[in-house]
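The file run13.txt contains compact mmCIF, N, CA and C atoms:
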```txt
# COMPACT_ATOMS: atom_id res chain seq x y z
N MET A 1 174.25 -19.61 80.37
CA MET A 1 173.68 -19.94 81.67
C MET A 1 173.14 -21.36 81.65
N LYS A 2 172.47 -21.73 80.57
CA LYS A 2 171.91 -23.07 80.45
C LYS A 2 173.02 -24.11 80.58
N TYR A 3 174.17 -23.85 79.95
CA TYR A 3 175.30 -24.77 80.02
C TYR A 3 175.80 -24.90 81.46
N LEU A 4 175.89 -23.78 82.18
CA LEU A 4 176.38 -23.82 83.56
C LEU A 4 175.46 -24.62 84.47
N LEU A 5 174.15 -24.44 84.32
CA LEU A 5 173.22 -25.20 85.14
C LEU A 5 173.29 -26.68 84.81
N GLY A 6 173.42 -27.00 83.54
CA GLY A 6 173.55 -28.40 83.14
C GLY A 6 174.83 -29.01 83.68
N ALA A 7 175.92 -28.26 83.66
CA ALA A 7 177.19 -28.75 84.18
C ALA A 7 177.12 -28.96 85.69
N ALA A 8 176.47 -28.05 86.39
CA ALA A 8 176.34 -28.18 87.84
C ALA A 8 175.55 -29.43 88.19
N THR A 9 174.49 -29.69 87.45
CA THR A 9 173.69 -30.88 87.70
C THR A 9 174.49 -32.13 87.36
N ALA A 10 175.27 -32.09 86.29
CA ALA A 10 176.05 -33.24 85.87
C ALA A 10 177.10 -33.65 86.89
N ILE A 11 177.66 -32.70 87.63
CA ILE A 11 178.68 -33.06 88.62
C ILE A 11 178.09 -33.23 90.03
N GLY A 12 176.77 -33.22 90.13
CA GLY A 12 176.13 -33.50 91.41
C GLY A 12 175.78 -32.30 92.25
N LEU A 13 175.96 -31.10 91.74
CA LEU A 13 175.55 -29.93 92.50
C LEU A 13 174.08 -29.67 92.21
N ALA A 14 173.29 -29.51 93.24
CA ALA A 14 171.87 -29.28 93.06
C ALA A 14 171.57 -27.79 93.15
N THR A 15 170.54 -27.36 92.45
CA THR A 15 170.09 -25.98 92.62
C THR A 15 169.34 -25.91 93.94
N SER A 16 169.20 -24.71 94.49
CA SER A 16 168.58 -24.58 95.80
C SER A 16 167.15 -25.11 95.82
N ALA A 17 166.42 -24.97 94.74
CA ALA A 17 165.03 -25.43 94.73
C ALA A 17 164.95 -26.95 94.82
N GLY A 18 165.89 -27.66 94.26
CA GLY A 18 165.82 -29.10 94.27
C GLY A 18 166.74 -29.75 95.28
N ALA A 19 167.47 -28.97 96.05
CA ALA A 19 168.47 -29.52 96.97
C ALA A 19 167.85 -30.48 97.97
N HIS A 20 166.69 -30.15 98.49
CA HIS A 20 166.05 -31.00 99.49
C HIS A 20 164.73 -31.57 98.99
N ASP A 21 164.32 -31.21 97.82
CA ASP A 21 163.06 -31.67 97.24
C ASP A 21 161.91 -31.46 98.22
N LEU A 22 161.79 -30.23 98.73
CA LEU A 22 160.80 -29.92 99.75
C LEU A 22 159.46 -29.45 99.19
N GLY A 23 159.37 -29.21 97.90
CA GLY A 23 158.12 -28.77 97.32
C GLY A 23 157.89 -27.28 97.51
N PHE A 24 156.66 -26.85 97.25
CA PHE A 24 156.33 -25.43 97.25
C PHE A 24 156.46 -24.77 98.62
N ALA A 25 156.29 -25.52 99.70
CA ALA A 25 156.37 -24.93 101.04
C ALA A 25 157.81 -24.71 101.49
N GLY A 26 158.77 -25.23 100.74
CA GLY A 26 160.18 -25.04 101.08
C GLY A 26 160.52 -25.60 102.44
N LEU A 27 161.23 -24.80 103.25
CA LEU A 27 161.66 -25.27 104.56
C LEU A 27 160.50 -25.61 105.49
N LEU A 28 159.32 -25.03 105.23
CA LEU A 28 158.15 -25.32 106.08
C LEU A 28 157.36 -26.53 105.61
N SER A 29 157.88 -27.25 104.63
CA SER A 29 157.23 -28.45 104.13
C SER A 29 157.12 -29.48 105.25
N SER A 30 156.04 -30.24 105.27
CA SER A 30 155.86 -31.25 106.31
C SER A 30 156.96 -32.31 106.29
N THR A 31 157.63 -32.48 105.15
CA THR A 31 158.73 -33.45 105.08
C THR A 31 160.00 -32.92 105.74
N ASN A 32 160.02 -31.65 106.10
CA ASN A 32 161.20 -31.04 106.73
C ASN A 32 160.97 -30.75 108.21
N MET A 33 159.84 -31.21 108.77
CA MET A 33 159.50 -30.90 110.16
C MET A 33 159.81 -32.09 111.08
N GLU A 34 160.35 -31.78 112.27
CA GLU A 34 160.61 -32.78 113.29
C GLU A 34 160.10 -32.26 114.63
N GLU A 35 159.92 -33.17 115.57
CA GLU A 35 159.52 -32.79 116.92
C GLU A 35 160.76 -32.60 117.78
N MET A 36 160.84 -31.47 118.46
CA MET A 36 161.90 -31.26 119.44
C MET A 36 161.38 -31.81 120.77
N PRO A 37 162.25 -32.38 121.61
CA PRO A 37 161.77 -32.88 122.91
C PRO A 37 161.05 -31.79 123.71
N GLU A 38 160.04 -32.20 124.43
CA GLU A 38 159.22 -31.27 125.23
C GLU A 38 160.05 -30.60 126.32
N ILE A 39 159.73 -29.35 126.59
CA ILE A 39 160.31 -28.59 127.69
C ILE A 39 159.24 -28.49 128.78
N THR A 40 159.59 -28.85 130.01
CA THR A 40 158.63 -28.85 131.11
C THR A 40 159.03 -27.82 132.15
N LEU A 41 158.10 -26.94 132.49
CA LEU A 41 158.31 -25.95 133.54
C LEU A 41 157.59 -26.42 134.79
N SER A 42 158.38 -26.79 135.81
CA SER A 42 157.82 -27.27 137.07
C SER A 42 158.83 -26.99 138.17
N VAL A 43 158.36 -26.49 139.30
CA VAL A 43 159.25 -26.17 140.41
C VAL A 43 159.99 -27.44 140.86
N GLY A 44 161.33 -27.37 140.85
CA GLY A 44 162.15 -28.47 141.33
C GLY A 44 162.37 -29.61 140.36
N LYS A 45 161.88 -29.51 139.14
CA LYS A 45 162.07 -30.57 138.16
C LYS A 45 162.88 -30.05 136.99
N PRO A 46 163.67 -30.93 136.33
CA PRO A 46 164.47 -30.48 135.19
C PRO A 46 163.61 -30.07 134.00
N LEU A 47 164.15 -29.13 133.20
CA LEU A 47 163.44 -28.66 132.01
C LEU A 47 163.31 -29.74 130.94
N ALA A 48 164.35 -30.57 130.81
CA ALA A 48 164.37 -31.60 129.77
C ALA A 48 165.21 -32.77 130.26
N ASP A 49 165.17 -33.87 129.52
CA ASP A 49 165.91 -35.08 129.90
C ASP A 49 167.40 -34.97 129.68
N GLY A 50 167.85 -34.02 128.90
CA GLY A 50 169.27 -33.86 128.63
C GLY A 50 169.49 -32.85 127.54
N PRO A 51 170.73 -32.73 127.07
CA PRO A 51 171.02 -31.79 125.98
C PRO A 51 170.22 -32.14 124.72
N ILE A 52 169.95 -31.12 123.92
CA ILE A 52 169.16 -31.29 122.70
C ILE A 52 170.01 -30.88 121.51
N THR A 53 169.97 -31.68 120.45
CA THR A 53 170.71 -31.36 119.23
C THR A 53 169.71 -31.19 118.08
N LEU A 54 169.85 -30.07 117.36
CA LEU A 54 168.99 -29.75 116.23
C LEU A 54 169.84 -29.62 114.97
N LYS A 55 169.20 -29.72 113.81
CA LYS A 55 169.89 -29.57 112.53
C LYS A 55 169.49 -28.25 111.88
N SER A 56 170.49 -27.47 111.49
CA SER A 56 170.24 -26.20 110.81
C SER A 56 169.47 -26.46 109.52
N GLY A 57 168.46 -25.63 109.26
CA GLY A 57 167.65 -25.78 108.06
C GLY A 57 166.45 -26.69 108.23
N THR A 58 166.31 -27.30 109.39
CA THR A 58 165.20 -28.20 109.67
C THR A 58 164.16 -27.48 110.51
N GLY A 59 162.90 -27.77 110.26
CA GLY A 59 161.80 -27.20 111.02
C GLY A 59 161.48 -28.06 112.23
N TYR A 60 161.11 -27.41 113.31
CA TYR A 60 160.80 -28.11 114.56
C TYR A 60 159.53 -27.55 115.18
N GLU A 61 158.87 -28.42 115.95
CA GLU A 61 157.79 -28.01 116.82
C GLU A 61 158.19 -28.43 118.22
N VAL A 62 158.10 -27.50 119.16
CA VAL A 62 158.40 -27.82 120.55
C VAL A 62 157.20 -27.42 121.40
N GLU A 63 156.83 -28.31 122.32
CA GLU A 63 155.79 -28.00 123.29
C GLU A 63 156.47 -27.60 124.58
N ILE A 64 156.06 -26.47 125.12
CA ILE A 64 156.53 -26.01 126.42
C ILE A 64 155.33 -26.15 127.34
N VAL A 65 155.48 -26.97 128.38
CA VAL A 65 154.37 -27.31 129.26
C VAL A 65 154.69 -26.84 130.67
N SER A 66 153.76 -26.10 131.27
CA SER A 66 153.88 -25.69 132.67
C SER A 66 152.82 -26.42 133.48
N ASP A 67 153.24 -26.98 134.62
CA ASP A 67 152.28 -27.70 135.45
C ASP A 67 151.60 -26.79 136.48
N GLY A 68 151.95 -25.50 136.49
CA GLY A 68 151.28 -24.55 137.37
C GLY A 68 151.79 -24.52 138.79
N THR A 69 152.92 -25.19 139.07
CA THR A 69 153.45 -25.20 140.44
C THR A 69 154.08 -23.87 140.84
N GLY A 70 154.22 -22.96 139.89
CA GLY A 70 154.77 -21.64 140.17
C GLY A 70 154.75 -20.80 138.91
N GLU A 71 154.90 -19.49 139.10
CA GLU A 71 155.04 -18.61 137.94
C GLU A 71 156.45 -18.79 137.40
N LEU A 72 156.56 -19.43 136.26
CA LEU A 72 157.87 -19.76 135.71
C LEU A 72 158.00 -19.24 134.30
N GLY A 73 159.17 -18.74 134.01
CA GLY A 73 159.48 -18.27 132.67
C GLY A 73 160.55 -19.12 132.04
N LEU A 74 160.81 -18.83 130.79
CA LEU A 74 161.86 -19.52 130.04
C LEU A 74 162.53 -18.47 129.17
N GLU A 75 163.86 -18.33 129.34
CA GLU A 75 164.59 -17.36 128.54
C GLU A 75 165.72 -18.05 127.79
N GLY A 76 166.09 -17.44 126.70
CA GLY A 76 167.19 -17.94 125.89
C GLY A 76 167.38 -17.04 124.70
N PRO A 77 167.77 -15.78 124.94
CA PRO A 77 167.85 -14.83 123.83
C PRO A 77 168.79 -15.28 122.72
N GLY A 78 169.90 -15.93 123.05
CA GLY A 78 170.81 -16.42 122.01
C GLY A 78 170.14 -17.46 121.14
N PHE A 79 169.44 -18.39 121.79
CA PHE A 79 168.73 -19.43 121.04
C PHE A 79 167.63 -18.82 120.18
N PHE A 80 166.84 -17.94 120.76
CA PHE A 80 165.73 -17.36 120.01
C PHE A 80 166.20 -16.51 118.83
N ARG A 81 167.42 -16.01 118.88
CA ARG A 81 167.97 -15.25 117.75
C ARG A 81 168.63 -16.16 116.71
N ALA A 82 168.83 -17.42 117.06
CA ALA A 82 169.45 -18.37 116.14
C ALA A 82 168.41 -19.19 115.37
N ILE A 83 167.13 -18.89 115.61
CA ILE A 83 166.05 -19.60 114.93
C ILE A 83 165.12 -18.59 114.26
N TRP A 84 164.35 -19.07 113.30
CA TRP A 84 163.29 -18.25 112.69
C TRP A 84 161.98 -18.84 113.17
N ILE A 85 161.18 -18.04 113.87
CA ILE A 85 159.93 -18.52 114.45
C ILE A 85 158.80 -18.33 113.45
N ASN A 86 158.14 -19.43 113.11
CA ASN A 86 156.99 -19.36 112.22
C ASN A 86 155.74 -18.97 113.00
N GLU A 87 155.51 -19.66 114.14
CA GLU A 87 154.33 -19.33 114.93
C GLU A 87 154.46 -19.83 116.35
N VAL A 88 153.73 -19.16 117.24
CA VAL A 88 153.58 -19.56 118.63
C VAL A 88 152.09 -19.80 118.83
N VAL A 89 151.74 -20.99 119.34
CA VAL A 89 150.33 -21.33 119.53
C VAL A 89 150.05 -21.46 121.02
N ILE A 90 149.08 -20.69 121.50
CA ILE A 90 148.65 -20.71 122.89
C ILE A 90 147.12 -20.80 122.89
N ASN A 91 146.57 -21.85 123.49
CA ASN A 91 145.10 -22.04 123.54
C ASN A 91 144.47 -21.90 122.15
N ASP A 92 145.05 -22.56 121.17
CA ASP A 92 144.56 -22.55 119.79
C ASP A 92 144.59 -21.17 119.13
N LEU A 93 145.30 -20.21 119.73
CA LEU A 93 145.50 -18.90 119.13
C LEU A 93 146.91 -18.86 118.57
N GLU A 94 147.04 -18.52 117.29
CA GLU A 94 148.35 -18.50 116.64
C GLU A 94 148.89 -17.08 116.57
N VAL A 95 150.14 -16.93 116.99
CA VAL A 95 150.84 -15.65 116.94
C VAL A 95 152.05 -15.84 116.05
N ARG A 96 152.29 -14.91 115.15
CA ARG A 96 153.45 -14.96 114.27
C ARG A 96 154.37 -13.77 114.58
N PRO A 97 155.24 -13.95 115.58
CA PRO A 97 156.09 -12.84 116.03
C PRO A 97 157.32 -12.66 115.15
N LEU A 98 157.93 -11.50 115.24
CA LEU A 98 159.21 -11.26 114.58
C LEU A 98 160.35 -11.90 115.37
N GLY A 99 160.12 -12.19 116.62
CA GLY A 99 161.14 -12.83 117.45
C GLY A 99 160.69 -12.90 118.89
N LEU A 100 161.45 -13.61 119.70
CA LEU A 100 161.18 -13.76 121.12
C LEU A 100 162.46 -13.55 121.90
N ASP A 101 162.31 -13.20 123.16
CA ASP A 101 163.43 -13.14 124.08
C ASP A 101 163.16 -14.14 125.21
N SER A 102 161.89 -14.20 125.62
CA SER A 102 161.50 -15.10 126.70
C SER A 102 159.99 -15.30 126.67
N VAL A 103 159.53 -16.30 127.42
CA VAL A 103 158.09 -16.54 127.60
C VAL A 103 157.87 -16.78 129.09
N GLU A 104 156.64 -16.62 129.55
CA GLU A 104 156.34 -16.83 130.96
C GLU A 104 154.96 -17.45 131.11
N PHE A 105 154.83 -18.35 132.08
CA PHE A 105 153.56 -18.97 132.41
C PHE A 105 153.16 -18.51 133.80
N ASP A 106 151.99 -17.93 133.95
CA ASP A 106 151.47 -17.56 135.26
C ASP A 106 150.66 -18.70 135.87
N ASP A 107 150.26 -19.66 135.04
CA ASP A 107 149.42 -20.77 135.45
C ASP A 107 149.80 -21.98 134.59
N GLU A 108 149.15 -23.10 134.84
CA GLU A 108 149.45 -24.28 134.02
C GLU A 108 148.95 -24.05 132.59
N GLY A 109 149.60 -24.70 131.67
CA GLY A 109 149.20 -24.58 130.27
C GLY A 109 150.29 -25.09 129.34
N THR A 110 149.97 -25.03 128.06
CA THR A 110 150.89 -25.50 127.02
C THR A 110 151.03 -24.45 125.94
N MET A 111 152.25 -24.29 125.48
CA MET A 111 152.57 -23.37 124.39
C MET A 111 153.34 -24.19 123.36
N GLU A 112 153.01 -24.03 122.10
CA GLU A 112 153.75 -24.71 121.04
C GLU A 112 154.44 -23.67 120.17
N ILE A 113 155.72 -23.89 119.91
CA ILE A 113 156.48 -22.98 119.04
C ILE A 113 156.96 -23.77 117.84
N GLU A 114 156.64 -23.28 116.66
CA GLU A 114 157.11 -23.88 115.41
C GLU A 114 158.20 -22.98 114.84
N PHE A 115 159.36 -23.56 114.53
CA PHE A 115 160.48 -22.74 114.09
C PHE A 115 161.40 -23.51 113.16
N ILE A 116 162.29 -22.77 112.50
CA ILE A 116 163.36 -23.34 111.69
C ILE A 116 164.67 -23.03 112.40
N ALA A 117 165.47 -24.06 112.67
CA ALA A 117 166.81 -23.85 113.24
C ALA A 117 167.69 -23.26 112.15
N ILE A 118 168.34 -22.14 112.43
CA ILE A 118 169.11 -21.44 111.40
C ILE A 118 170.62 -21.44 111.68
N LYS A 119 171.03 -20.80 112.75
CA LYS A 119 172.44 -20.51 112.99
C LYS A 119 173.10 -21.58 113.86
N PRO A 120 174.05 -22.34 113.30
CA PRO A 120 174.74 -23.36 114.10
C PRO A 120 175.46 -22.74 115.30
N GLY A 121 175.48 -23.47 116.40
CA GLY A 121 176.15 -23.01 117.60
C GLY A 121 175.59 -23.72 118.83
N ARG A 122 176.09 -23.30 120.00
CA ARG A 122 175.62 -23.86 121.27
C ARG A 122 174.84 -22.79 122.01
N TYR A 123 173.66 -23.15 122.47
CA TYR A 123 172.74 -22.20 123.09
C TYR A 123 172.13 -22.85 124.34
N PHE A 124 171.25 -22.11 125.00
CA PHE A 124 170.56 -22.65 126.16
C PHE A 124 169.18 -22.02 126.29
N LEU A 125 168.32 -22.71 126.98
CA LEU A 125 167.07 -22.17 127.50
C LEU A 125 167.14 -22.41 129.00
N ARG A 126 166.66 -21.44 129.79
CA ARG A 126 166.71 -21.60 131.24
C ARG A 126 165.58 -20.82 131.90
N VAL A 127 165.32 -21.18 133.15
CA VAL A 127 164.40 -20.43 133.97
C VAL A 127 165.16 -19.19 134.43
N PRO A 128 164.63 -17.98 134.18
CA PRO A 128 165.35 -16.75 134.55
C PRO A 128 165.71 -16.71 136.03
N GLY A 129 166.95 -16.31 136.30
CA GLY A 129 167.42 -16.17 137.67
C GLY A 129 167.80 -17.46 138.35
N SER A 130 167.64 -18.59 137.68
CA SER A 130 167.95 -19.87 138.31
C SER A 130 169.44 -20.20 138.15
N THR A 131 169.94 -21.01 139.06
CA THR A 131 171.34 -21.44 138.99
C THR A 131 171.47 -22.95 138.92
N GLY A 132 170.40 -23.68 139.13
CA GLY A 132 170.45 -25.14 139.11
C GLY A 132 170.61 -25.70 137.70
N GLU A 133 171.37 -26.80 137.60
CA GLU A 133 171.61 -27.44 136.30
C GLU A 133 170.30 -27.92 135.65
N GLY A 134 169.36 -28.39 136.46
CA GLY A 134 168.10 -28.89 135.92
C GLY A 134 167.20 -27.80 135.37
N GLN A 135 167.48 -26.55 135.76
CA GLN A 135 166.67 -25.43 135.30
C GLN A 135 167.24 -24.80 134.03
N ARG A 136 168.11 -25.55 133.37
CA ARG A 136 168.76 -25.09 132.15
C ARG A 136 168.91 -26.28 131.20
N VAL A 137 168.66 -26.06 129.93
CA VAL A 137 168.86 -27.12 128.94
C VAL A 137 169.75 -26.58 127.83
N GLU A 138 170.81 -27.34 127.51
CA GLU A 138 171.74 -26.97 126.45
C GLU A 138 171.16 -27.41 125.11
N ILE A 139 171.25 -26.52 124.11
CA ILE A 139 170.76 -26.82 122.77
C ILE A 139 171.87 -26.54 121.77
N THR A 140 172.19 -27.52 120.96
CA THR A 140 173.20 -27.36 119.92
C THR A 140 172.51 -27.41 118.56
N ILE A 141 172.78 -26.41 117.73
CA ILE A 141 172.31 -26.44 116.35
C ILE A 141 173.52 -26.78 115.49
N GLN A 142 173.43 -27.89 114.78
CA GLN A 142 174.53 -28.33 113.91
C GLN A 142 174.35 -27.82 112.51
```

So that I can check it, write out the structure of this file as structure tokens.
Amino acid sequence: MKYLLGAATAIGLATSAGAHDLGFAGLLSSTNMEEMPEITLSVGKPLADGPITLKSGTGYEVEIVSDGTGELGLEGPGFFRAIWINEVVINDLEVRPLGLDSVEFDDEGTMEIEFIAIKPGRYFLRVPGSTGEGQRVEITIQ
């Protein structure tokens, strides 16, 4: 076994622990975290500036902000199943769910979701029941 590990290192193959040099926190290491563009919930305004591209295996924090112009939700079951959610923060309260299907704002406020992008593919987040292009944002995990 020692010979095999040495040979793998010699030809440039890294072991999983040293592949990204992320330290003890692994994928949740601060060196592996990026900010995802903010999602804005507002009547008549687009959710985001355009399509969003994420990298599989990278950690992200996204702020979802509602301006209170209406009771608005955000759904994206395919997207939420393609990520691993570390925590959801609402009013400085941290929730560590097994998963999400959707979220809803009855009033203005901010929610932060910290997650790891896992499954490559094309997904979306949208306001439930909406048909407008601005009420939907395409997300690609590479």

Please identify all polymer residues within 9 Å of Ile52 in chain A, counting only C-alpha atoms, omitting same-chain residues fewer than 5 positions from it, and present them as a tab-separated table (two decimals) with N, CA and C atoms, in the coordinates of the input.
```
chain	number	residue	atom	x	y	z
A	36	MET	N	160.84	-31.47	118.46
A	36	MET	CA	161.90	-31.26	119.44
A	36	MET	C	161.38	-31.81	120.77
A	37	PRO	N	162.25	-32.38	121.61
A	37	PRO	CA	161.77	-32.88	122.91
A	37	PRO	C	161.05	-31.79	123.71
A	137	VAL	N	168.66	-26.06	129.93
A	137	VAL	CA	168.86	-27.12	128.94
A	137	VAL	C	169.75	-26.58	127.83
A	138	GLU	N	170.81	-27.34	127.51
A	138	GLU	CA	171.74	-26.97	126.45
A	138	GLU	C	171.16	-27.41	125.11
A	139	ILE	N	171.25	-26.52	124.11
A	139	ILE	CA	170.76	-26.82	122.77
A	139	ILE	C	171.87	-26.54	121.77
A	140	THR	N	172.19	-27.52	120.96
A	140	THR	CA	173.20	-27.36	119.92
A	140	THR	C	172.51	-27.41	118.56
A	141	ILE	N	172.78	-26.41	117.73
A	141	ILE	CA	172.31	-26.44	116.35
A	141	ILE	C	173.52	-26.78	115.49
```

(request) Take CA of Phe105 in chain A and CA of Glu87 in chain A and report the distance between them in Å, one decimal. (result)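 It comes out at 17.5 Å.
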
(message) Can you tell me which residues surround Glu63 in chain A at a distance of at most 6 Å, considering only N, CA and C atoms, apart from same-chain residues fewer than 6 positions away, and format the answer as a PyMOL selection string?
(response) chain A and resi 36-39+111-113

(message) Neighbouring residues of Leu47 in chain A were defined as those with any atom within 7 Å, considering only N, CA and C atoms; residues of the same chain fewer than 2 positions away were excluded. Please report them as a VMD selection string.
(response) chain A and resid 38 to 42 45 49 to 50 133 to 137

(request) Grab the atom N of Pro77 in chain A to CA of Asp101 in chain A distance for me, in Å with one decimal place. (result)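 These two atoms are separated by 5.2 Å.
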
(request) Could you jot down the atom N of Val43 in chain A to CA of Val62 in chain A separation for me, Å, one decimal place? (result)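 CA of Val62 in chain A lies 18.8 Å from atom N of Val43 in chain A.
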
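Proximity to Thr58 in chain A was assessed for A:Leu100, A:Ala117, A:Val89, A:Val127 counting only N, CA and C atoms; the smallest distance is recorded for A:Ala117.
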
(message) Calculated over all atoms listed in the file, which of the candidates A:Asn91, A:Phe115, A:Gly99, A:Gly132 has the smallest distance to Gly59 in chain A?
(response) A:Phe115

(request) For each of A:Leu125, A:Met33, A:Ala48, A:Val95, take the minimum atom-to-atom distance to Phe80 in chain A, counting only N, CA and C atoms, then give the residue where this is smallest. (result) A:Leu125

(message) Which residues are near Glu34 in chain A? Cut-off 12 Å, only C-alpha atoms, ignore same chain within fewer than 3 positions. Put them as number ranges by chain.
(response) A: 27-31, 37, 53-62, 114-117

Print the selection's residues with N, CA and C atoms to a file, as a PDB file, in the frame of the given file.
```pdb
ATOM      1  N   LEU A  27     161.230 -24.800 103.250  1.00  0.00           N
ATOM      2  CA  LEU A  27     161.660 -25.270 104.560  1.00  0.00           C
ATOM      3  C   LEU A  27     160.500 -25.610 105.490  1.00  0.00           C
ATOM      4  N   LEU A  28     159.320 -25.030 105.230  1.00  0.00           N
ATOM      5  CA  LEU A  28     158.150 -25.320 106.080  1.00  0.00           C
ATOM      6  C   LEU A  28     157.360 -26.530 105.610  1.00  0.00           C
ATOM      7  N   SER A  29     157.880 -27.250 104.630  1.00  0.00           N
ATOM      8  CA  SER A  29     157.230 -28.450 104.130  1.00  0.00           C
ATOM      9  C   SER A  29     157.120 -29.480 105.250  1.00  0.00           C
ATOM     10  N   SER A  30     156.040 -30.240 105.270  1.00  0.00           N
ATOM     11  CA  SER A  30     155.860 -31.250 106.310  1.00  0.00           C
ATOM     12  C   SER A  30     156.960 -32.310 106.290  1.00  0.00           C
ATOM     13  N   THR A  31     157.630 -32.480 105.150  1.00  0.00           N
ATOM     14  CA  THR A  31     158.730 -33.450 105.080  1.00  0.00           C
ATOM     15  C   THR A  31     160.000 -32.920 105.740  1.00  0.00           C
ATOM     16  N   PRO A  37     162.250 -32.380 121.610  1.00  0.00           N
ATOM     17  CA  PRO A  37     161.770 -32.880 122.910  1.00  0.00           C
ATOM     18  C   PRO A  37     161.050 -31.790 123.710  1.00  0.00           C
ATOM     19  N   THR A  53     169.970 -31.680 120.450  1.00  0.00           N
ATOM     20  CA  THR A  53     170.710 -31.360 119.230  1.00  0.00           C
ATOM     21  C   THR A  53     169.710 -31.190 118.080  1.00  0.00           C
ATOM     22  N   LEU A  54     169.850 -30.070 117.360  1.00  0.00           N
ATOM     23  CA  LEU A  54     168.990 -29.750 116.230  1.00  0.00           C
ATOM     24  C   LEU A  54     169.840 -29.620 114.970  1.00  0.00           C
ATOM     25  N   LYS A  55     169.200 -29.720 113.810  1.00  0.00           N
ATOM     26  CA  LYS A  55     169.890 -29.570 112.530  1.00  0.00           C
ATOM     27  C   LYS A  55     169.490 -28.250 111.880  1.00  0.00           C
ATOM     28  N   SER A  56     170.490 -27.470 111.490  1.00  0.00           N
ATOM     29  CA  SER A  56     170.240 -26.200 110.810  1.00  0.00           C
ATOM     30  C   SER A  56     169.470 -26.460 109.520  1.00  0.00           C
ATOM     31  N   GLY A  57     168.460 -25.630 109.260  1.00  0.00           N
ATOM     32  CA  GLY A  57     167.650 -25.780 108.060  1.00  0.00           C
ATOM     33  C   GLY A  57     166.450 -26.690 108.230  1.00  0.00           C
ATOM     34  N   THR A  58     166.310 -27.300 109.390  1.00  0.00           N
ATOM     35  CA  THR A  58     165.200 -28.200 109.670  1.00  0.00           C
ATOM     36  C   THR A  58     164.160 -27.480 110.510  1.00  0.00           C
ATOM     37  N   GLY A  59     162.900 -27.770 110.260  1.00  0.00           N
ATOM     38  CA  GLY A  59     161.800 -27.200 111.020  1.00  0.00           C
ATOM     39  C   GLY A  59     161.480 -28.060 112.230  1.00  0.00           C
ATOM     40  N   TYR A  60     161.110 -27.410 113.310  1.00  0.00           N
ATOM     41  CA  TYR A  60     160.800 -28.110 114.560  1.00  0.00           C
ATOM     42  C   TYR A  60     159.530 -27.550 115.180  1.00  0.00           C
ATOM     43  N   GLU A  61     158.870 -28.420 115.950  1.00  0.00           N
ATOM     44  CA  GLU A  61     157.790 -28.010 116.820  1.00  0.00           C
ATOM     45  C   GLU A  61     158.190 -28.430 118.220  1.00  0.00           C
ATOM     46  N   VAL A  62     158.100 -27.500 119.160  1.00  0.00           N
ATOM     47  CA  VAL A  62     158.400 -27.820 120.550  1.00  0.00           C
ATOM     48  C   VAL A  62     157.200 -27.420 121.400  1.00  0.00           C
ATOM     49  N   GLU A 114     156.640 -23.280 116.660  1.00  0.00           N
ATOM     50  CA  GLU A 114     157.110 -23.880 115.410  1.00  0.00           C
ATOM     51  C   GLU A 114     158.200 -22.980 114.840  1.00  0.00           C
ATOM     52  N   PHE A 115     159.360 -23.560 114.530  1.00  0.00           N
ATOM     53  CA  PHE A 115     160.480 -22.740 114.090  1.00  0.00           C
ATOM     54  C   PHE A 115     161.400 -23.510 113.160  1.00  0.00           C
ATOM     55  N   ILE A 116     162.290 -22.770 112.500  1.00  0.00           N
ATOM     56  CA  ILE A 116     163.360 -23.340 111.690  1.00  0.00           C
ATOM     57  C   ILE A 116     164.670 -23.030 112.400  1.00  0.00           C
ATOM     58  N   ALA A 117     165.470 -24.060 112.670  1.00  0.00           N
ATOM     59  CA  ALA A 117     166.810 -23.850 113.240  1.00  0.00           C
ATOM     60  C   ALA A 117     167.690 -23.260 112.150  1.00  0.00           C
TER      61      ALA A 117
END
```

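The list of residues with at least one atom within 5 Å of Pro120 in chain A, based on all atoms listed in the file and without residues fewer than 2 positions apart in the same chain, reads A:Ile118, A:Arg122, A:Ile141, A:Gln142.
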
Since fewer atoms than expected are present, regenerate N, CA, C and O atoms for range 93-99 of chain A and write them as a short mmCIF file (atom, residue, chain, number, x, y, z; two decimals), in the frame of the given file.
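out-v2.cif, written as the output of this step:
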```
data_model
loop_
_atom_site.label_atom_id
_atom_site.label_comp_id
_atom_site.auth_asym_id
_atom_site.auth_seq_id
_atom_site.Cartn_x
_atom_site.Cartn_y
_atom_site.Cartn_z
N LEU A 93 145.30 -20.21 119.73
CA LEU A 93 145.50 -18.90 119.13
C LEU A 93 146.91 -18.86 118.57
O LEU A 93 147.88 -19.15 119.28
N GLU A 94 147.04 -18.52 117.29
CA GLU A 94 148.35 -18.50 116.64
C GLU A 94 148.89 -17.08 116.57
O GLU A 94 148.20 -16.16 116.16
N VAL A 95 150.14 -16.93 116.99
CA VAL A 95 150.84 -15.65 116.94
C VAL A 95 152.05 -15.84 116.05
O VAL A 95 152.78 -16.82 116.18
N ARG A 96 152.29 -14.91 115.15
CA ARG A 96 153.45 -14.96 114.27
C ARG A 96 154.37 -13.77 114.58
O ARG A 96 154.30 -12.74 113.95
N PRO A 97 155.24 -13.95 115.58
CA PRO A 97 156.09 -12.84 116.03
C PRO A 97 157.32 -12.66 115.15
O PRO A 97 157.73 -13.56 114.43
N LEU A 98 157.93 -11.50 115.24
CA LEU A 98 159.21 -11.26 114.58
C LEU A 98 160.35 -11.90 115.37
O LEU A 98 161.42 -12.14 114.83
N GLY A 99 160.12 -12.19 116.62
CA GLY A 99 161.14 -12.83 117.45
C GLY A 99 160.69 -12.90 118.89
O GLY A 99 159.65 -12.36 119.25
#
```
